[in-house]
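Student: Pasting in a structure now, in structure tokens, and then I'll have a few things to ask.
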Amino acid sequence: MSQPPLTSLNSDEELLRQSVRQLAGSRLQPLVESMDASAHFEPALIEEFFRAGLMGIELPEEFGGAGGSFFEAILAVEELSRVDASAGVVVDVQNTLVNNALLRWASQEQKARYLPRLAREWVGAYALSEPGAGSDAFGLVTRAERVEGGYRLQGRKLWITNAAEARLFIVFANANPDAGYRGITAFLVEREQAGFQVGRKENKLGIRASSTCELLLEGCVVPEAQVLGEPGKGYKIAIETLNEGRIGIGAQMVGVAQGALDHALAYARERRQFGRPIADFQGVQFQLAEMRTELEAARLLVYNAARRKQAGESFTQEAAMAKYYSSQAADHITSRALELFGGYGFTRDYPVEKYFRDAKIGKIYEGTSNMQLQTIAKLML
């Protein structure tokens, strides 16, 4: 029997895509401009995401999740990002980083405590980066000191997505600095724990409605029951979870690029110059054709990586290639879309300037483009 094309969806996947597209068009679209201007994500939208099952797509039904697949989570991120990248990343971090990490590494007691909340009401955040540990993710200075019954965390995290809304944080700290990265341990930190504080919120260029904050850990004592996985295995949890997260960022960039291209196509058909729509001019047609080709190539890379992950096959290189290329494509496509709008594209009266701003983050977070190239080359060689 022949294999279906990568972009073919089964009935469950198509149903999910259509339901997310409808939600994005009816509930998200009217709020995009105001959320971007205020740099604030509407809490009622997050509640809707929970009710729609979008915050726990892969979580088993026994924990209140949707019992869906990784690929379905990728589709949801793409469809939301087509309308607003901030919404896409809220759902992306919840599913591909936080939920995935707990599904794979949490104890049964931790799953019973946290997964139902993550499926119904709790936003999660993933706290790895620090002021001096971005691309050098394991140059952590946040420390975890062993105390009776648990660990005392001391340090500062930076650029933490979803931090303003999150109730649960996966925090990485070094419990044995003499062992280098082998001392890194992952902790499940609840927002209300003493010594833990969400600090300053960043004022960003793009994905402005998505919160990005610093975290302050000042003598935050975490019980041993809140260690995620084994002590000293935090580096493994971080690396393997980020591999999955990169596919999610790829989906986000595909959605951003698709949204920008949709607007560019509509405008090219409507805008008239020299007595005819600009879509009639070969120079414009060639630009649109290039944009569409780059978008399709990016989508194929992302879908391939997601399908491989879901099938249990190796996907580290494919995830890196998907994130690298999709962020390059989104940067180029959104820039071209803005230019096709001419002077209008440079104003906030039209939507393409926001897609242009939102696309830039794809080359930076969850591993810069240079880090993706390094991963690809390492696995090649």
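FYI, nothing fancy with the structure tokens labels: chains A, B, ... in order, residues from 1 per chain, ligands from 1 as they appear.
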List every residue of range 45-243 of chain A that DSSP, applied to the backbone, labels as strand (DSSP E), and write the result as JSON, numbers by chain.

Tutor: {"A": [124, 125, 126, 127, 143, 144, 145, 146, 147, 150, 151, 152, 153, 154, 155, 156, 157, 158, 159, 160, 161, 168, 169, 170, 171, 172, 173, 174, 184, 185, 186, 187, 188, 189, 190, 196, 197, 198, 199, 200, 201, 212, 213, 214, 215, 216, 217, 218, 219, 220, 221, 222, 223, 227, 228]}

Student: I'd like the neighbourhood of range 119-125 of chain A as an NGL selection string, where a residue qualifies if any of its atoms comes within 9 Å (using only C-alpha atoms), though same-chain residues fewer than 2 positions away should be ignored.

Tutor: :A and (46-47 or 50-51 or 53-57 or 59 or 63-66 or 90 or 93-94 or 97-99 or 114-117 or 127 or 160-163 or 165-171)

Student: Could you pull out the residues in range 119-288 of chain A that DSSP calls alpha helix (DSSP H) from the backbone, as a PDB file with C-alpha atoms, in the first residue's frame?

Tutor:
```pdb
ATOM      1  CA  ALA A 119      -5.041  19.873  31.081  1.00  0.00           C
ATOM      2  CA  ARG A 120      -7.752  22.011  32.727  1.00  0.00           C
ATOM      3  CA  GLY A 234      18.411  17.567  34.006  1.00  0.00           C
ATOM      4  CA  TYR A 235      20.705  18.039  31.002  1.00  0.00           C
ATOM      5  CA  LYS A 236      19.181  14.969  29.340  1.00  0.00           C
ATOM      6  CA  ILE A 237      15.636  16.175  30.056  1.00  0.00           C
ATOM      7  CA  ALA A 238      16.480  19.626  28.671  1.00  0.00           C
ATOM      8  CA  ILE A 239      18.109  18.401  25.457  1.00  0.00           C
ATOM      9  CA  GLU A 240      15.496  15.814  24.572  1.00  0.00           C
ATOM     10  CA  THR A 241      12.563  18.091  25.383  1.00  0.00           C
ATOM     11  CA  LEU A 242      14.012  20.947  23.329  1.00  0.00           C
ATOM     12  CA  ASN A 243      14.385  18.610  20.353  1.00  0.00           C
ATOM     13  CA  GLU A 244      10.611  18.199  20.387  1.00  0.00           C
ATOM     14  CA  GLY A 245      10.033  21.881  21.105  1.00  0.00           C
ATOM     15  CA  ARG A 246      11.954  22.873  17.984  1.00  0.00           C
ATOM     16  CA  ILE A 247       9.360  21.155  15.839  1.00  0.00           C
ATOM     17  CA  GLY A 248       6.752  23.285  17.578  1.00  0.00           C
ATOM     18  CA  ILE A 249       8.681  26.458  16.760  1.00  0.00           C
ATOM     19  CA  GLY A 250       8.892  25.253  13.168  1.00  0.00           C
ATOM     20  CA  ALA A 251       5.102  24.935  13.114  1.00  0.00           C
ATOM     21  CA  GLN A 252       4.773  28.397  14.575  1.00  0.00           C
ATOM     22  CA  MET A 253       6.951  29.852  11.807  1.00  0.00           C
ATOM     23  CA  VAL A 254       5.001  27.978   9.127  1.00  0.00           C
ATOM     24  CA  GLY A 255       1.809  29.481  10.528  1.00  0.00           C
ATOM     25  CA  VAL A 256       3.282  32.988  10.601  1.00  0.00           C
ATOM     26  CA  ALA A 257       4.512  32.649   7.021  1.00  0.00           C
ATOM     27  CA  GLN A 258       1.140  31.303   5.868  1.00  0.00           C
ATOM     28  CA  GLY A 259      -0.703  34.183   7.500  1.00  0.00           C
ATOM     29  CA  ALA A 260       1.564  36.752   5.875  1.00  0.00           C
ATOM     30  CA  LEU A 261       1.237  35.081   2.461  1.00  0.00           C
ATOM     31  CA  ASP A 262      -2.566  34.966   2.801  1.00  0.00           C
ATOM     32  CA  HIS A 263      -2.652  38.727   3.321  1.00  0.00           C
ATOM     33  CA  ALA A 264      -0.147  39.356   0.525  1.00  0.00           C
ATOM     34  CA  LEU A 265      -2.213  37.324  -1.965  1.00  0.00           C
ATOM     35  CA  ALA A 266      -5.437  39.107  -1.063  1.00  0.00           C
ATOM     36  CA  TYR A 267      -3.776  42.507  -1.313  1.00  0.00           C
ATOM     37  CA  ALA A 268      -2.101  41.712  -4.650  1.00  0.00           C
ATOM     38  CA  ARG A 269      -5.524  40.899  -6.116  1.00  0.00           C
ATOM     39  CA  GLU A 270      -7.110  44.097  -4.751  1.00  0.00           C
ATOM     40  CA  GLN A 282       5.038  39.181 -13.588  1.00  0.00           C
ATOM     41  CA  GLY A 283       7.421  40.723 -11.050  1.00  0.00           C
ATOM     42  CA  VAL A 284       4.787  40.348  -8.325  1.00  0.00           C
ATOM     43  CA  GLN A 285       3.788  36.881  -9.511  1.00  0.00           C
ATOM     44  CA  PHE A 286       7.369  35.653  -9.284  1.00  0.00           C
ATOM     45  CA  GLN A 287       7.692  36.953  -5.719  1.00  0.00           C
ATOM     46  CA  LEU A 288       4.478  35.246  -4.679  1.00  0.00           C
TER      47      LEU A 288
END
```

Student: Excluding range 321-323 of chain A and any residue of its chain fewer than 3 positions from it, enumerate the residues within 7 Å of it, using only C-alpha atoms, and give them as a compact mmCIF listing (two decimals) with C-alpha atoms, in the first residue's frame.

Tutor:
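Listed below is the output, result-v2.txt:
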```txt
# COMPACT_ATOMS: atom_id res chain seq x y z
CA ARG A 246 11.95 22.87 17.98
CA ILE A 247 9.36 21.16 15.84
CA ILE A 249 8.68 26.46 16.76
CA GLY A 250 8.89 25.25 13.17
CA ALA A 298 9.22 24.61 5.35
CA LEU A 301 10.32 19.74 6.85
CA VAL A 302 8.17 20.44 9.91
CA ALA A 305 10.04 15.88 11.74
CA GLN A 317 18.50 16.31 12.89
CA GLU A 318 15.11 16.65 11.21
CA SER A 326 11.15 27.44 8.70
CA SER A 327 12.51 30.44 10.61
CA GLN A 372 20.61 24.43 14.67
CA ILE A 376 22.84 19.42 11.81
```

Student: Each residue of range 69-132 of chain A lying at most 8 Å from range 15-28 of chain A should get a row with its shortest atom-to-atom pair and the distance in Å to one decimal, counting only C-alpha atoms; could you produce that, ordered by chain and increasing number, as CSV?

Tutor:
```
residue,atom,partner,partner_atom,distance
A:Glu72,CA,A:Leu16,CA,7.1
A:Leu75,CA,A:Arg17,CA,6.3
A:Ala76,CA,A:Val20,CA,6.2
A:Glu79,CA,A:Arg21,CA,5.8
A:Leu80,CA,A:Ala24,CA,5.8
A:Val83,CA,A:Ala24,CA,6.5
A:Asp84,CA,A:Leu28,CA,7.7
```

Student: Which residue out of A:Pro223, A:Gly312, A:Gly342, A:Gly150 has the minimum interatomic distance to Ile278 in chain A when only C-alpha atoms are used?

Tutor: A:Gly342

Student: For the contact check between range 242-357 of chain A and range 207-214 of chain A, emit one row per residue of range 242-357 of chain A within 10 Å, containing the shortest atom pair and the distance in Å rounded to one decimal, counting only C-alpha atoms, chain then rising number order, as a Markdown table.

Tutor:
```
| residue | atom | partner | partner_atom | distance |
| --- | --- | --- | --- | --- |
| A:Lys354 | CA | A:Ile207 | CA | 8.6 |
| A:Tyr355 | CA | A:Ile207 | CA | 9.1 |
| A:Arg357 | CA | A:Ile207 | CA | 7.6 |
```

Student: Just the selected residues (C-alpha atoms), exported as a PDB file, in the first residue's frame, please.

Tutor:
```
ATOM      1  CA  LYS A 354       3.115  42.379  12.845  1.00  0.00           C
ATOM      2  CA  TYR A 355       3.863  39.133  10.994  1.00  0.00           C
ATOM      3  CA  ARG A 357       7.958  41.434  13.758  1.00  0.00           C
TER       4      ARG A 357
END
```

Student: Expressed in Å to a single decimal, how great is the separation between CA of Leu158 in chain A and CA of Ser129 in chain A?

Tutor: 5.7 Å

Student: Can you measure CA of Arg299 in chain A to CA of Ile74 in chain A for me? One decimal in Å is fine.

Tutor: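 CA of Ile74 in chain A lies 10.8 Å from CA of Arg299 in chain A.
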